[in-house]
Structure formats: structure tokens, C-alpha cells
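The structure under discussion appears below in the form of C-alpha cells.
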Amino acid sequence: MSTTRKLRILVTKPGLDGHDRGARVVARAYRDAGFEVIYTGLHQTPEQIVTAAIQEDVDLIAFSILSGAHLSLAGEIKRLLKERNADDITVIGGGIIPDEDIARLEAIGVKKVFLPGASLEEIVSWTRENVKPLG
Amino acid sequence: METQIDKILKGDVRAAAKLMRDIEDESPRAIEDLKALYPYTGNAYIIGVTGAPGVGKSTLVDTLVGGFREKEMTVGVVAIDPTSPFTGGAILGDRIRMQSHSTDPGVFIRSVATRGWAGGLSKATLNLIHIMDAMRKDIILVETVGTGQAEVDIINVADTSILVLIPGMGDAIQMMKAGILEGTDIFVINKIDRDSADDVRMQLEVMLETKDCPADGWKPPIVLTEAVNNKGITELVAEIMRHRESLISSGGLEKRRKERARLELIEAVDGYLKSHITDRIDQDYLQRLVDDLAQKKTDPYSVALEIINRSVKLIG
């Protein structure tokens, strides 16, 4: 049998903001790049996100947050991933995030933050280069 | 040391999810794990949910999960969505409507892309079911891609097949006669809050009356639901359990499972033929055969037999 590893990505909207246009556009760009995207929809708790990521065996969690609660939500996602031995899943994020918080998110373990204005090409090519299907 | 197999048999989600991925990616080592798990399968009851896009399959599955959880049964869900034939990518969105049980440890939801497989399922579907079965899920719900008329694979995979319709589809039923309808065990008319279900129900009743009496004596019931508001779900769960009892007492369940095993075996043979013969033909040898064919020195059927005979000797 020939093995073809396909990248699986969870695109998700943690927390309480109700705008998912950005997340859906990114989901579509990932689909068009040939990836399998699991889209969870709005208002996800970190618990729901990590549970879904493990059940779906994704390589990457890509969150979009516009509410301002990115530090606590991302911190909780990373904590739960560690707790469940799933910290090999890469986490990236985007949305309305003040410049000074980018370094804080990276310190928590968010590998990359994309701000409004980031092109879809940029997001897809960063993903291709930095995220490989987990063994 | 605890192996991956031990973990899966104990219900470890991470280990099971990783094996599912290996199966979808056709990793050779996955076959070894499947061999080890196969003896532990056959306990789960498998329910297929199919229907046209937009009839509310995901929402119905979500509420059915709730219905079975109330009975303290554990549930696995395999939700299938299409792969783009152009890019190979997919957006799997069934989870959006399956939020009620997203953190319940008794529920395991897996989204699957068709990856070019026709028939409404994916190539790996049956093996994903086996894994959930080996994890001791009592019920496994399989949601097909939105189907038209030819996507009837689910009938061969499920113990109970449910077809979901909505009001206003009465005429469509006439068009569907030839495929999915004969294999359906329970009809659901969903979204009855929107419109009268009379047209669909009447067309269905006419069709069911003119149908030959099935060998196993089961007359498919029609259940009206409003899945978003959890209406009709208790009745639907009761009909599923009644169908299960009927299948057990008529011997139909054993018959269906034997038929499934037969299909699975034939598929495995085809798979080996492809991976050991078709995919491994020596390219120079193939080219010589093609040249002969182009000059009409021989014909494809004789050559095919020659290739198979030669390869089987090589495999031993």
C-alpha cells in the first residue's frame, strides 16, 4: 500500500465573540491547499477544542479570537494539551491581538500569530513549511 | 509494556484516533493492528443515517446520541463529508451541529473525508467502525455525505439504515425508487415544524404498500421528527431498538453481518490484487505488452491473465 500522509487541521473559534468570517476564509484556503479541515463553529471552550483535536487526530489547531480573551483561552488550550499528552499538536492563532501580546502568546507556546492583513498565501505556506503530519 | 492494541481495547481515544488516521492514510502497519483488533469486533450496533444535503442529518445524529446516552449506552459517530476532487482538500463541518456531546467521554466523534470514494462513504469507513467497536462503543452512528440516488453503500455497512427526508420532497421520492428506498429500514421526516409532512408521508405510504413484503417481515416505519427541538427522538430511538429486536429474532442480523463480512473479504482480495499486482508491474515488461497490444498482436484479456498468473507465482 502506498502511504499518503494528509495534513489535518482543526479551525476553531474559542470564546464568546460571534464573528467567524475570518476563520471560515482560512478554513477554505486550507481546503484549497489540499488539507483536511475540521471546522468546529463558534463559542468553543478549550475543553471542547482539545477533545475534538484528539478525537480527530489533527496536526494543527488554528484558532481565531476577536474578543480580547486570547491569553487566557490559548493558555488553557495549551495546558489541556499537555495534561492529555497531546502537546505535539501545533497551535497557531489569529484575530484582533495587540502587538504586545504576540510575544506573550508565543511564550505560552502558540507557535505563530497572524494579524489582520496576513495574506492567505502567507498562512498556507507557513503551515506547509512548519507543520508536518504527526506519526 | 502496554501496546497500542491494549490501549484501544481499553478505550484510549488518542491511540484509537491515531490508528484511524493510519488506516485513512493507508499505512501498511495499520493492517497489522486491524488484524489484532478484528476478533474483538461485532458487539456494537451500527446505525446508518443518510439523506439529501440539508435535510438535517447532523442535527438528527446529535439528538440520537443524546437518546442513546440517556439509556447509558456509549456512542461512536463517523461523520463523512466530501473531498474536493480538484484540490484533494476537504472541510468537515458535521461537528458544528454535534456540540451537545462534544466533551462527553462516552461519545467519540470522528469526521472523515471521502477521499475520492464513491457511494456516500469513505474507503476506511468500515475499519473506523471496527475500531470504535473494539473500543466497546455500544452504538455506532454513521452519517453519510449528502446523498442523491446512487449512494447506497451505507445499506451494506449498517444494521439499521435510516433515510432522512423533509416536507416538500414528495415528488423526489418518486425519483428515488430505484436505489436507497428498498434498503431503508426506518424513514424519518425531519423539520416537520416548517411545513406539512403530508405529501412526503403519503408518497412513502403508497410506495411502501406497493412494495413486495420483505423476507424478514419488517415493514419500515415512518417517524416524524423536529431534531433541532428534540421532538420525535424518543420514538425514533424506540423504532431503532424495535428493528434491532426484529432483526435478532428473524435471523436477519446474522444474515446482514455475514453479507458484510463477505463484502469486506472480497474488498481485501481486491486490495491485495491491486497493491501486489497492478501497482507492482515491472514498467519495462508493461511497456512491451502495451506495444504488442497497440500492434494488435494480442488482446487485453489474455495479457491480463498472463500478468496475474505470473505475479501469483511471484507472491507465492
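Chain labels A, B, ... are given in the sequence in which chains occur in the C-alpha cells; within each chain residues are numbered consecutively from 1, and ligands are likewise numbered from 1 in the order shown.
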
Residues of chain A within 10 Å of chain B, counting only C-alpha atoms - could you list those as a ChimeraX atom specification? /A:1-11,24,27-42,44-45,47-58,84-86,134-135

Neighbouring residues of region 258-263 of chain B were defined as those with any atom within 9 Å, considering only C-alpha atoms; residues of the same chain fewer than 5 positions away were excluded. Please report them as JSON, numbers by chain. {"B": [156, 157, 158, 253, 268]}

Saved selection, atoms kept: C-alpha atoms, as a PDB file, in the first residue's frame:
```
ATOM      1  CA  ASN B 156     -24.225  -2.815   3.431  1.00  0.00           C
ATOM      2  CA  VAL B 157     -22.452  -1.314   6.423  1.00  0.00           C
ATOM      3  CA  ALA B 158     -25.334  -0.601   8.822  1.00  0.00           C
ATOM      4  CA  LEU B 253     -28.906  -9.547  11.790  1.00  0.00           C
ATOM      5  CA  ALA B 268      -9.465  -7.225   0.881  1.00  0.00           C
TER       6      ALA B 268
END
```

DSSP says strand (DSSP E or B) for which residues of chain A? Put them as an NGL selection string? :A and (8-12 or 14 or 36-39 or 44 or 60-65 or 90-95 or 112-114)

Mind checking which residues fall within 12 Å of Ile308 (chain B), counting only C-alpha atoms, ignoring those fewer than 5 positions away in the same chain, and posting them as a list in words? Tyr272, Leu273, Lys274, His276, Ile277, Thr278, Arg280, Ile281, Tyr301, Ser302, Val303, Lys313, Leu314 and Ile315 of chain B

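In this model, the gap between CA of Lys191 (chain B) and CA of Glu143 (chain B) comes to 17.6 Å.
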
Using only C-alpha atoms, which protein or nucleic acid residues come within 7 Å of region 128-133 of chain B? Drop anything in the same chain fewer than 4 positions from it, and give the result as a CSV table (one decimal) with N, CA and C atoms, in the first residue's frame.
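Done, and the output landed in around.csv:
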```csv
chain,number,residue,atom,x,y,z
B,16,ALA,N,-6.7,5.2,19.5
B,16,ALA,CA,-7.6,4.8,18.5
B,16,ALA,C,-7.7,5.9,17.4
B,20,MET,N,-6.9,5.3,13.4
B,20,MET,CA,-7.8,5.7,12.4
B,20,MET,C,-7.1,6.5,11.3
B,41,THR,N,-14.3,-7.3,17.5
B,41,THR,CA,-15.4,-6.6,16.9
B,41,THR,C,-16.6,-7.4,16.8
B,42,GLY,N,-17.8,-6.7,16.6
B,42,GLY,CA,-19.0,-7.5,16.4
B,42,GLY,C,-20.0,-7.2,17.5
B,43,ASN,N,-19.6,-6.4,18.5
B,43,ASN,CA,-20.5,-6.2,19.6
B,43,ASN,C,-21.4,-4.9,19.4
B,44,ALA,N,-20.9,-4.0,18.7
B,44,ALA,CA,-21.6,-2.7,18.5
B,44,ALA,C,-22.8,-2.8,17.6
B,76,GLY,N,-20.3,5.9,19.3
B,76,GLY,CA,-19.3,6.4,18.4
B,76,GLY,C,-20.0,7.0,17.2
B,124,ALA,N,-12.2,3.9,4.2
B,124,ALA,CA,-11.8,3.5,5.5
B,124,ALA,C,-13.0,3.3,6.4
B,137,LYS,N,-17.8,0.6,22.1
B,137,LYS,CA,-18.9,1.5,21.9
B,137,LYS,C,-20.1,0.7,21.7
```

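A straight line drawn from CA of Leu165 (chain B) to CA of Met73 (chain B) is 26.6 Å long.
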
Neighbour list for Ser250 (chain B) as a ChimeraX atom specification, cut-off 10 Å, only C-alpha atoms, skip fewer than 6 positions in-chain: /B:215-218,244

Write out as JSON, numbers by chain all residues of chain A that DSSP puts in alpha helix (DSSP H) for this structure's backbone. {"A": [21, 22, 23, 24, 25, 26, 27, 28, 29, 30, 31, 32, 46, 47, 48, 49, 50, 51, 52, 53, 54, 55, 70, 71, 72, 73, 74, 75, 76, 77, 78, 79, 80, 81, 82, 83, 99, 100, 101, 102, 103, 104, 105, 106, 107, 108, 120, 121, 122, 123, 124, 125, 126, 127, 128, 129, 130]}
